[in-house]
>>> print(open('start_1.cif').read())   # mmCIF, C-alpha atoms and all ligand atoms
data_input
loop_
_atom_site.label_atom_id
_atom_site.label_comp_id
_atom_site.auth_asym_id
_atom_site.auth_seq_id
_atom_site.Cartn_x
_atom_site.Cartn_y
_atom_site.Cartn_z
CA MET A 1 18.14 -77.91 -3.87
CA LYS A 2 20.31 -77.06 -6.81
CA ILE A 3 23.62 -78.72 -7.72
CA GLU A 4 25.87 -77.03 -10.27
CA LEU A 5 29.06 -78.77 -11.32
CA ASN A 6 32.39 -76.96 -11.86
CA HIS A 7 30.90 -73.73 -10.66
CA PRO A 8 32.94 -70.48 -10.84
CA LEU A 9 33.35 -68.73 -7.49
CA LYS A 10 34.74 -65.36 -8.62
CA ASN A 11 31.44 -63.57 -7.99
CA LEU A 12 30.77 -65.47 -4.77
CA ASN A 13 33.81 -64.26 -2.81
CA THR A 14 34.49 -60.59 -2.10
CA PHE A 15 38.24 -60.97 -2.73
CA GLY A 16 37.18 -61.76 -6.30
CA ILE A 17 39.51 -64.77 -6.54
CA ASP A 18 38.88 -66.48 -9.86
CA VAL A 19 38.51 -70.14 -8.91
CA CYS A 20 35.98 -72.97 -9.31
CA CYS A 21 34.53 -75.61 -7.03
CA ARG A 22 33.73 -79.18 -8.00
CA GLN A 23 30.09 -78.47 -7.22
CA LEU A 24 28.03 -75.66 -5.77
CA ILE A 25 25.10 -76.96 -3.73
CA THR A 26 22.41 -74.42 -2.98
CA LEU A 27 19.94 -75.43 -0.29
CA ASP A 28 16.53 -73.79 -0.04
CA MET A 29 15.77 -75.23 3.38
CA PRO A 30 17.79 -76.75 6.23
CA GLN A 31 15.92 -80.09 6.03
CA GLU A 32 17.76 -80.76 2.74
CA VAL A 33 20.90 -81.43 4.80
CA ALA A 34 19.46 -84.91 5.48
CA GLN A 35 19.73 -85.78 1.77
CA LEU A 36 23.35 -84.56 1.59
CA GLN A 37 24.14 -86.57 4.69
CA GLN A 38 22.62 -89.74 3.17
CA GLU A 39 24.62 -89.20 -0.02
CA GLY A 40 27.82 -88.96 2.03
CA ILE A 41 28.64 -85.38 0.94
CA PHE A 42 29.96 -84.58 4.42
CA ASN A 43 32.51 -87.41 4.12
CA THR A 44 34.08 -85.61 1.14
CA PRO A 45 35.68 -82.12 1.12
CA PHE A 46 33.04 -79.41 1.61
CA TYR A 47 32.88 -75.77 2.61
CA LEU A 48 29.86 -74.05 4.18
CA MET A 49 29.62 -70.60 2.71
CA GLY A 50 27.50 -67.49 3.09
CA GLY A 51 28.43 -64.34 1.20
CA GLY A 52 32.12 -65.24 0.90
CA SER A 53 33.22 -61.95 2.49
CA ASN A 54 35.46 -63.62 5.06
CA THR A 55 36.81 -66.35 2.81
CA LEU A 56 40.08 -66.67 0.92
CA PHE A 57 40.22 -69.44 -1.69
CA SER A 58 43.84 -70.56 -2.11
CA GLY A 59 42.96 -72.24 -5.42
CA ASP A 60 40.23 -74.31 -7.08
CA PHE A 61 38.22 -76.15 -4.43
CA ASN A 62 37.94 -79.84 -5.25
CA GLY A 63 34.80 -80.35 -3.20
CA SER A 64 31.30 -79.06 -2.51
CA VAL A 65 30.62 -75.45 -1.63
CA ILE A 66 27.31 -75.46 0.25
CA GLN A 67 25.11 -72.39 0.67
CA LEU A 68 21.84 -72.29 2.59
CA GLN A 69 19.74 -69.64 0.88
CA ASN A 70 16.73 -69.57 3.23
CA ARG A 71 15.15 -66.16 3.78
CA GLY A 72 12.93 -64.34 6.25
CA ILE A 73 12.83 -62.06 9.27
CA GLU A 74 9.99 -62.58 11.76
CA VAL A 75 9.07 -61.25 15.19
CA VAL A 76 8.78 -64.19 17.58
CA HIS A 77 8.40 -62.38 20.91
CA GLU A 78 7.70 -58.83 21.98
CA THR A 79 7.38 -56.94 25.27
CA ALA A 80 7.11 -53.22 25.99
CA ASP A 81 10.90 -52.91 25.99
CA LYS A 82 12.25 -55.70 23.83
CA ILE A 83 11.69 -57.69 20.71
CA ILE A 84 13.09 -61.00 19.52
CA LEU A 85 13.60 -61.45 15.78
CA LYS A 86 14.17 -64.81 14.13
CA VAL A 87 16.26 -64.40 10.99
CA ALA A 88 17.04 -67.05 8.38
CA ALA A 89 20.76 -67.74 7.91
CA GLY A 90 20.58 -66.83 4.21
CA GLU A 91 19.37 -63.27 4.81
CA ALA A 92 21.96 -60.58 4.18
CA TRP A 93 23.20 -59.21 7.50
CA GLN A 94 22.54 -55.71 6.17
CA SER A 95 18.81 -56.57 5.85
CA VAL A 96 18.71 -57.21 9.60
CA VAL A 97 20.30 -53.84 10.33
CA GLU A 98 17.94 -52.10 7.89
CA TYR A 99 14.92 -53.85 9.44
CA CYS A 100 16.02 -52.58 12.87
CA LEU A 101 16.53 -49.02 11.61
CA LYS A 102 13.11 -49.03 9.95
CA ASN A 103 11.37 -50.36 13.05
CA ASP A 104 13.24 -48.29 15.68
CA LEU A 105 14.99 -51.26 17.23
CA TYR A 106 18.27 -50.54 19.01
CA GLY A 107 21.37 -52.72 19.16
CA ALA A 108 22.36 -53.57 15.57
CA GLU A 109 23.16 -50.06 14.28
CA ASN A 110 26.92 -50.12 15.00
CA LEU A 111 27.19 -53.22 12.82
CA ILE A 112 25.79 -51.50 9.73
CA ASP A 113 27.43 -52.15 6.34
CA ILE A 114 29.22 -55.34 7.37
CA PRO A 115 28.91 -57.58 4.31
CA GLY A 116 27.86 -61.21 4.51
CA TRP A 117 24.93 -63.32 5.55
CA THR A 118 23.20 -63.62 8.90
CA GLY A 119 24.23 -67.26 9.43
CA SER A 120 27.90 -66.24 9.36
CA ALA A 121 27.55 -63.34 11.80
CA PRO A 122 27.82 -65.46 14.98
CA VAL A 123 30.67 -67.57 13.55
CA GLN A 124 33.33 -64.92 14.06
CA ASN A 125 31.16 -62.79 16.37
CA ILE A 126 31.23 -59.86 13.94
CA GLY A 127 32.11 -56.58 15.55
CA ALA A 128 32.60 -52.93 14.76
CA TYR A 129 32.63 -49.58 16.51
CA GLY A 130 32.53 -50.97 20.04
CA ALA A 131 29.71 -53.47 19.39
CA GLU A 132 29.75 -57.20 18.74
CA VAL A 133 26.92 -59.36 17.49
CA LYS A 134 27.10 -61.34 20.75
CA ASP A 135 25.51 -58.29 22.43
CA ILE A 136 22.25 -58.98 20.54
CA VAL A 137 22.33 -62.71 19.74
CA TYR A 138 19.62 -64.46 21.74
CA GLN A 139 19.92 -67.93 20.24
CA VAL A 140 21.56 -69.71 17.31
CA ASN A 141 19.72 -72.59 15.62
CA GLY A 142 21.47 -75.13 13.47
CA ILE A 143 21.54 -78.63 12.07
CA MET A 144 24.27 -81.17 12.83
CA LEU A 145 25.69 -82.29 9.50
CA HIS A 146 26.49 -85.92 10.28
CA LYS A 147 23.18 -86.68 12.02
CA ALA A 148 20.84 -84.16 10.36
CA THR A 149 19.43 -83.30 13.81
CA PHE A 150 18.41 -79.79 14.85
CA VAL A 151 20.18 -78.08 17.77
CA GLN A 152 19.91 -74.74 19.56
CA PHE A 153 22.53 -72.68 21.35
CA HIS A 154 21.51 -69.97 23.77
CA ASN A 155 23.79 -66.95 23.84
CA THR A 156 25.80 -68.21 26.83
CA GLU A 157 26.45 -71.54 25.07
CA CYS A 158 27.97 -69.89 21.99
CA GLN A 159 31.31 -69.19 23.75
CA PHE A 160 31.55 -65.81 22.10
CA SER A 161 34.82 -63.94 22.41
CA TYR A 162 36.77 -61.50 20.23
CA ARG A 163 36.19 -62.69 16.60
CA ASN A 164 35.48 -66.16 17.87
CA SER A 165 32.73 -68.54 18.93
CA ILE A 166 32.01 -72.22 19.42
CA PHE A 167 30.96 -72.30 15.74
CA LYS A 168 34.47 -71.34 14.64
CA LYS A 169 36.07 -73.89 16.98
CA ASP A 170 34.37 -77.16 18.12
CA TYR A 171 31.49 -76.96 15.64
CA ARG A 172 33.46 -75.92 12.58
CA ASN A 173 32.38 -78.18 9.69
CA ARG A 174 30.00 -80.05 12.01
CA LEU A 175 27.05 -77.66 12.13
CA LEU A 176 25.14 -75.61 9.60
CA ILE A 177 23.65 -72.51 11.21
CA THR A 178 20.07 -72.24 9.98
CA GLU A 179 18.60 -69.30 11.91
CA VAL A 180 19.73 -66.67 14.37
CA LEU A 181 17.48 -65.06 16.98
CA PHE A 182 18.33 -61.51 18.00
CA GLN A 183 17.10 -59.54 21.00
CA LEU A 184 16.79 -55.82 20.28
CA SER A 185 15.76 -52.96 22.52
CA LYS A 186 12.66 -50.89 21.72
CA LYS A 187 13.99 -48.20 24.06
CA PRO A 188 16.84 -45.94 22.93
CA ARG A 189 20.16 -47.43 23.96
CA PHE A 190 23.37 -46.41 22.26
CA ASN A 191 26.90 -47.68 22.22
CA LEU A 192 29.09 -44.62 21.65
CA GLU A 193 32.26 -46.11 23.08
CA TYR A 194 34.12 -45.20 19.91
CA GLU A 195 35.44 -41.64 20.00
CA ALA A 196 35.25 -41.38 16.21
CA VAL A 197 31.46 -41.87 16.25
CA LYS A 198 30.91 -39.34 19.04
CA ASN A 199 33.21 -36.84 17.33
CA TYR A 200 31.44 -37.29 14.00
CA LEU A 201 28.06 -36.48 15.58
CA ILE A 202 29.45 -33.47 17.46
CA SER A 203 31.33 -32.02 14.49
CA ASN A 204 28.28 -32.48 12.24
CA ASN A 205 26.04 -30.98 14.91
CA GLN A 206 23.79 -34.02 14.98
CA GLU A 207 21.59 -35.35 17.75
CA ILE A 208 22.16 -38.88 19.01
CA THR A 209 19.41 -40.79 17.23
CA LEU A 210 19.28 -44.28 15.78
CA GLN A 211 19.43 -42.99 12.21
CA ASN A 212 22.21 -40.48 12.90
CA VAL A 213 24.44 -43.04 14.66
CA ALA A 214 23.95 -45.45 11.75
CA LYS A 215 24.74 -42.74 9.18
CA ALA A 216 27.84 -41.63 11.14
CA ILE A 217 29.18 -45.18 11.13
CA GLN A 218 28.39 -45.58 7.43
CA SER A 219 30.28 -42.42 6.66
CA ILE A 220 33.32 -43.37 8.79
CA ARG A 221 33.41 -46.87 7.26
CA ALA A 222 33.18 -45.50 3.71
CA SER A 223 36.18 -43.25 4.37
CA LYS A 224 38.34 -46.19 5.51
CA LEU A 225 37.24 -49.26 3.57
CA PRO A 226 37.54 -49.99 -0.14
CA ASP A 227 34.40 -50.15 -2.27
CA LEU A 228 33.89 -53.84 -3.06
CA GLN A 229 32.59 -52.94 -6.52
CA MET A 230 36.02 -51.50 -7.32
CA LEU A 231 38.51 -53.54 -5.27
CA GLY A 232 38.38 -57.05 -3.87
CA SER A 233 38.99 -57.52 -0.16
CA ALA A 234 37.70 -59.31 2.92
CA GLY A 235 37.67 -56.19 5.09
CA SER A 236 40.15 -56.45 7.97
CA PHE A 237 42.46 -59.25 7.00
CA PHE A 238 44.10 -59.61 10.42
CA LYS A 239 42.65 -59.81 13.91
CA ASN A 240 43.94 -57.39 16.51
CA PRO A 241 46.41 -59.46 18.55
CA LEU A 242 45.67 -60.23 22.19
CA VAL A 243 48.82 -60.39 24.32
CA SER A 244 49.49 -61.10 28.00
CA ARG A 245 50.05 -58.20 30.36
CA ALA A 246 53.71 -59.24 30.75
CA GLN A 247 54.25 -59.27 26.97
CA PHE A 248 52.59 -55.89 26.66
CA GLU A 249 54.75 -54.36 29.41
CA LEU A 250 57.88 -55.60 27.70
CA LEU A 251 56.71 -54.17 24.38
CA ALA A 252 55.81 -50.83 25.98
CA THR A 253 59.39 -50.39 27.23
CA ARG A 254 60.53 -50.38 23.57
CA PHE A 255 57.47 -48.71 22.04
CA PRO A 256 55.88 -46.51 24.72
CA ASN A 257 53.21 -45.16 22.35
CA VAL A 258 51.79 -48.50 21.25
CA PRO A 259 47.97 -48.25 21.40
CA HIS A 260 46.44 -50.85 23.71
CA TYR A 261 43.04 -51.69 25.12
CA PRO A 262 41.87 -53.96 27.93
CA ALA A 263 40.46 -57.24 26.58
CA GLU A 264 38.87 -60.46 27.79
CA ALA A 265 40.65 -62.80 30.23
CA ASP A 266 42.98 -60.03 31.46
CA LEU A 267 44.65 -59.84 28.05
CA ILE A 268 45.65 -56.65 26.25
CA LYS A 269 44.45 -55.94 22.73
CA LEU A 270 46.92 -54.26 20.37
CA SER A 271 46.03 -52.59 17.09
CA ALA A 272 47.19 -54.77 14.18
CA GLY A 273 46.70 -51.78 11.87
CA PHE A 274 49.08 -49.67 13.97
CA LEU A 275 51.73 -52.42 14.02
CA ILE A 276 51.55 -52.85 10.23
CA GLU A 277 51.69 -49.10 9.70
CA GLN A 278 54.75 -48.79 11.96
CA CYS A 279 56.50 -51.33 9.72
CA GLY A 280 56.03 -48.82 6.90
CA LEU A 281 53.66 -51.15 5.07
CA LYS A 282 50.49 -49.07 4.73
CA GLY A 283 49.90 -48.82 0.99
CA TYR A 284 52.65 -51.37 0.27
CA ARG A 285 52.01 -53.32 -2.92
CA GLU A 286 53.51 -56.39 -4.58
CA GLY A 287 52.07 -57.13 -8.01
CA ASN A 288 48.32 -57.58 -7.77
CA VAL A 289 48.15 -57.55 -3.96
CA GLY A 290 48.59 -54.71 -1.50
CA ILE A 291 47.74 -53.08 1.79
CA TYR A 292 44.91 -50.58 1.33
CA PRO A 293 46.46 -47.10 1.48
CA LYS A 294 43.69 -45.79 3.78
CA GLN A 295 43.57 -48.71 6.24
CA ALA A 296 46.55 -50.89 7.08
CA LEU A 297 44.41 -53.82 8.25
CA VAL A 298 42.90 -54.36 4.82
CA ILE A 299 44.60 -56.45 2.13
CA ILE A 300 43.29 -55.75 -1.34
CA ASN A 301 43.22 -57.47 -4.67
CA TRP A 302 44.25 -54.72 -7.08
CA GLY A 303 42.94 -56.96 -9.87
CA GLY A 304 43.65 -60.51 -10.98
CA ALA A 305 45.34 -61.64 -7.75
CA THR A 306 45.36 -65.36 -7.00
CA GLY A 307 44.71 -66.80 -3.55
CA LYS A 308 48.32 -68.01 -3.43
CA GLU A 309 49.64 -64.48 -4.10
CA ILE A 310 47.52 -63.15 -1.24
CA ILE A 311 48.77 -65.90 1.09
CA THR A 312 52.43 -65.20 0.23
CA PHE A 313 51.79 -61.48 0.75
CA TYR A 314 50.04 -61.79 4.11
CA ARG A 315 52.80 -64.05 5.43
CA LYS A 316 55.34 -61.34 4.59
CA ILE A 317 53.29 -58.81 6.53
CA GLN A 318 53.07 -61.21 9.46
CA ALA A 319 56.85 -61.74 9.37
CA ALA A 320 57.58 -58.00 9.25
CA VAL A 321 55.38 -57.37 12.31
CA MET A 322 56.92 -60.34 14.13
CA ASN A 323 60.46 -59.07 13.38
CA LYS A 324 59.78 -55.57 14.62
CA PHE A 325 57.44 -56.18 17.55
CA GLY A 326 57.69 -59.90 18.37
CA VAL A 327 53.89 -60.10 18.04
CA LEU A 328 51.99 -62.62 15.88
CA ILE A 329 49.14 -61.11 13.89
CA GLU A 330 46.73 -63.82 12.80
CA PRO A 331 44.35 -63.75 9.85
CA GLU A 332 40.71 -63.13 10.60
CA VAL A 333 39.88 -64.49 7.16
CA ASN A 334 39.08 -68.19 6.58
CA GLU A 335 41.58 -69.79 4.21
CA VAL A 336 40.06 -72.57 2.09
C1 LIG A 401 34.51 -54.60 3.08
C2 LIG A 401 34.37 -55.55 4.26
C3 LIG A 401 34.18 -55.03 5.53
C4 LIG A 401 34.05 -55.90 6.62
N1 LIG A 401 33.86 -55.36 7.86
C5 LIG A 401 33.76 -56.18 8.94
C6 LIG A 401 33.57 -55.63 10.24
O1 LIG A 401 33.47 -54.42 10.43
N2 LIG A 401 33.49 -56.49 11.29
C7 LIG A 401 33.56 -57.85 11.12
O2 LIG A 401 33.47 -58.58 12.12
N3 LIG A 401 33.73 -58.40 9.89
C8 LIG A 401 33.82 -57.59 8.81
N4 LIG A 401 34.01 -58.13 7.56
C9 LIG A 401 34.14 -59.59 7.41
C10 LIG A 401 32.83 -60.30 7.00
O3 LIG A 401 31.94 -59.42 6.39
C11 LIG A 401 32.11 -60.95 8.19
O4 LIG A 401 32.97 -61.88 8.81
C12 LIG A 401 30.84 -61.68 7.75
O5 LIG A 401 30.12 -62.13 8.87
C13 LIG A 401 31.12 -62.84 6.82
O6 LIG A 401 29.88 -63.27 6.29
P1 LIG A 401 29.82 -64.16 4.98
O7 LIG A 401 28.43 -64.68 4.87
O8 LIG A 401 30.33 -63.42 3.83
O9 LIG A 401 30.82 -65.31 5.44
P2 LIG A 401 31.66 -66.40 4.59
O10 LIG A 401 32.94 -65.79 4.16
O11 LIG A 401 30.80 -67.01 3.54
O12 LIG A 401 31.92 -67.45 5.73
C14 LIG A 401 32.63 -67.06 6.89
C15 LIG A 401 32.73 -68.25 7.87
O13 LIG A 401 31.44 -68.63 8.32
C16 LIG A 401 31.18 -70.00 8.02
N5 LIG A 401 29.77 -70.09 7.67
C17 LIG A 401 29.11 -69.37 6.73
N6 LIG A 401 27.80 -69.67 6.74
C18 LIG A 401 27.63 -70.60 7.72
C19 LIG A 401 26.50 -71.32 8.21
N7 LIG A 401 25.26 -71.11 7.74
N8 LIG A 401 26.70 -72.22 9.21
C20 LIG A 401 27.93 -72.43 9.71
N9 LIG A 401 29.04 -71.79 9.29
C21 LIG A 401 28.88 -70.89 8.30
C22 LIG A 401 32.11 -70.33 6.86
O14 LIG A 401 32.37 -71.73 6.78
C23 LIG A 401 33.32 -69.50 7.23
O15 LIG A 401 34.08 -70.19 8.20
C24 LIG A 401 34.13 -57.30 6.44
C25 LIG A 401 34.31 -57.81 5.15
C26 LIG A 401 34.42 -56.95 4.06
C27 LIG A 401 34.60 -57.51 2.69
#
>>> encode(input="start_1.cif", output="structure tokens")
Amino acid sequence: MKIELNHPLKNLNTFGIDVCCRQLITLDMPQEVAQLQQEGIFNTPFYLMGGGSNTLFSGDFNGSVIQLQNRGIEVVHETADKIILKVAAGEAWQSVVEYCLKNDLYGAENLIDIPGWTGSAPVQNIGAYGAEVKDIVYQVNGIMLHKATFVQFHNTECQFSYRNSIFKKDYRNRLLITEVLFQLSKKPRFNLEYEAVKNYLISNNQEITLQNVAKAIQSIRASKLPDLQMLGSAGSFFKNPLVSRAQFELLATRFPNVPHYPAEADLIKLSAGFLIEQCGLKGYREGNVGIYPKQALVIINWGGATGKEIITFYRKIQAAVMNKFGVLIEPEVNEV
């Protein structure tokens, strides 16, 4: 375990917000939680962090930022058709996808190039291009912070839904995820629900293979998302709003072309990007903060933005969408 006082966080969050925490605690293994618990760290302000790619610091954090930096990917079960991988929470999510591509394992490829660590992936049930991590999570292992006891959640106990899980709700700040087990298919199995992926393969005259699907998604993502080396962001800042059928029908009478998709619990999913764009805000900028000109869902730090500036900015975007459509768009990002 390493404890560093007054640690800068600028390079630890992808928005690039220049703030400090009172202390950065880096754990090498989950068992070290017991020591933190005995020292009462969990009775003071703390934030569990992975790669900081879904985190917005509103200012200096007067508490402990805790990162579990365990590593490792191992095969724990294998049949003719399937394999179960156990991955340490501190592994980069991209390493899991790359491992699957290298070993011809199907199921993770649509989630390529999502930044962050494996332990965070189940928290908001990361998703992209028609896939969600819940489709391949077999089990989540963790340690309860206030008791230092180990617990396991099978997929059905994780309460996964759109950008949500039990870890984001009831277990927020109560559980440190230590490992995630994934079940991948050894037999080809593709998710080509997204027209853009299919169209990319057709227009580039490419066969549907694991590598080609992954490359197609990489190429589409690169055309829409800012390069984190150049511009700070947390990817999609807002979640796509889920509205009731009645609310959607009312909206459709005023805006007949509003894109909509069936969602869980008989709700309708709207496109937050479309709503923002219709407010004329794509590319809109105020000082150091703006909407990315190529993707209306992404808020970017043009350089030197503070967390407070980003918060003021996103609330204006929310208000504009509410005024025009009567729909609340909520941040996907975790405000600290
Ligand atoms: C350019 C870009 C593109 C992106 N594209 C996508 C996308 O396509 N789809 C998508 O879903 N997301 C996307 N994201 C968002 C982000 O990458 C994911 O949410 C990712 O899973 C966050 O991982 P992280 O380790 O950086 O999380 P952090 O920001 O460090 O933490 C996120 C949340 O998880 C909690 N947490 C972290 N580690 C643990 C742990 N071990 N135990 C318990 N709780 C923990 C934190 O407390 C926090 O609530 C994108 C972000 C960027 C910057």
>>> residues_around(input="start_1.cif", residues="stretch 17-24 of chain A", least_positions_apart="4", cutoff="6 Å", atoms="all atoms listed in the file", output="mmCIF file with C-alpha atoms, in the frame of the given file")
data_model
loop_
_atom_site.group_PDB
_atom_site.id
_atom_site.type_symbol
_atom_site.label_atom_id
_atom_site.label_comp_id
_atom_site.auth_asym_id
_atom_site.auth_seq_id
_atom_site.Cartn_x
_atom_site.Cartn_y
_atom_site.Cartn_z
ATOM 1 C CA ILE A 3 23.620 -78.720 -7.720
ATOM 2 C CA GLU A 4 25.870 -77.030 -10.270
ATOM 3 C CA LEU A 5 29.060 -78.770 -11.320
ATOM 4 C CA ASN A 6 32.390 -76.960 -11.860
ATOM 5 C CA HIS A 7 30.900 -73.730 -10.660
ATOM 6 C CA PRO A 8 32.940 -70.480 -10.840
ATOM 7 C CA LEU A 9 33.350 -68.730 -7.490
ATOM 8 C CA LYS A 10 34.740 -65.360 -8.620
ATOM 9 C CA ASP A 60 40.230 -74.310 -7.080
ATOM 10 C CA PHE A 61 38.220 -76.150 -4.430
ATOM 11 C CA ASN A 62 37.940 -79.840 -5.250
ATOM 12 C CA GLY A 63 34.800 -80.350 -3.200
ATOM 13 C CA SER A 64 31.300 -79.060 -2.510
ATOM 14 C CA VAL A 65 30.620 -75.450 -1.630
ATOM 15 C CA THR A 306 45.360 -65.360 -7.000
#
>>> residues_near_ligand(input="start_1.cif", ligand="ligand LIG 401 (chain A)", cutoff="7 Å", atoms="only C-alpha atoms and all ligand atoms", output="ChimeraX atom specification")
/A:14,47-55,68,89,111,114-121,123-128,163,167-168,172,175-178,225-228,233-236,334
>>> closest_residue(input="start_1.cif", among="A:Leu267, A:Asn13, A:Gly273, A:Val97", to="A:Asn301", atoms="all atoms listed in the file")
A:Asn13
>>> atom_distance(input="start_1.cif", atom1="atom CA of A:Asp113", atom2="atom CA of A:Leu210")
14.7 Å
>>> closest_atom_pairs(input="start_1.cif", of="stretch 302-334 of chain A", to="stretch 238-262 of chain A", cutoff="8 Å", atoms="only C-alpha atoms", output="Markdown table")
| residue | atom | partner | partner_atom | distance |
| --- | --- | --- | --- | --- |
| A:Phe325 | CA | A:Leu251 | CA | 7.2 |
| A:Val327 | CA | A:Pro241 | CA | 7.5 |
| A:Leu328 | CA | A:Pro241 | CA | 6.9 |
| A:Ile329 | CA | A:Pro241 | CA | 5.6 |
| A:Glu330 | CA | A:Phe238 | CA | 5.5 |
| A:Pro331 | CA | A:Phe238 | CA | 4.2 |
| A:Glu332 | CA | A:Phe238 | CA | 4.9 |
| A:Val333 | CA | A:Phe238 | CA | 7.2 |
>>> residues_near_point(input="start_1.cif", point="(23.6, -74.0, 17.6)", cutoff="7 Å", atoms="all atoms listed in the file", output="list in words")
Val140, Asn141, Gly142, Val151, Gln152, Phe153 and Ile177 of chain A
>>> write_last_selection(input="start_1.cif", atoms="C-alpha atoms", output="tab-separated table (two decimals), in the frame of the given file")
chain	number	residue	atom	x	y	z
A	140	VAL	CA	21.56	-69.71	17.31
A	141	ASN	CA	19.72	-72.59	15.62
A	142	GLY	CA	21.47	-75.13	13.47
A	151	VAL	CA	20.18	-78.08	17.77
A	152	GLN	CA	19.91	-74.74	19.56
A	153	PHE	CA	22.53	-72.68	21.35
A	177	ILE	CA	23.65	-72.51	11.21
>>> residues_around(input="start_1.cif", residues="A:Gln38", least_positions_apart="3", cutoff="10 Å", atoms="only C-alpha atoms", output="compact mmCIF listing (two decimals) with C-alpha atoms, keeping the file's coordinate frame")
# COMPACT_ATOMS: atom_id res chain seq x y z
CA VAL A 33 20.90 -81.43 4.80
CA ALA A 34 19.46 -84.91 5.48
CA GLN A 35 19.73 -85.78 1.77
CA ILE A 41 28.64 -85.38 0.94
CA PHE A 42 29.96 -84.58 4.42
CA HIS A 146 26.49 -85.92 10.28
CA LYS A 147 23.18 -86.68 12.02
CA ALA A 148 20.84 -84.16 10.36
>>> atom_distance(input="start_1.cif", atom1="atom CA of A:Leu192", atom2="atom CA of A:Lys102")
20.3 Å
>>> atom_distance(input="start_1.cif", atom1="atom CA of A:Ser223", atom2="atom CA of A:Thr312")
27.6 Å
>>> residues_near_point(input="start_1.cif", point="(24.3, -37.9, 15.2)", cutoff="12 Å", atoms="only C-alpha atoms", output="number ranges by chain")
A: 190, 192, 196-219
>>> closest_residue(input="start_1.cif", among="A:Met322, A:Ile73, A:Leu231, A:Ile143", to="A:Gly303", atoms="all atoms listed in the file")
A:Leu231
>>> closest_residue(input="start_1.cif", among="A:Leu181, A:Leu56, A:Ala265, A:Ile317", to="A:Ile291", atoms="only C-alpha atoms")
A:Ile317
>>> closest_residue(input="start_1.cif", among="A:Ala88, A:Met1, A:Val180, A:Val96", to="A:Glu109", atoms="all atoms listed in the file")
A:Val96
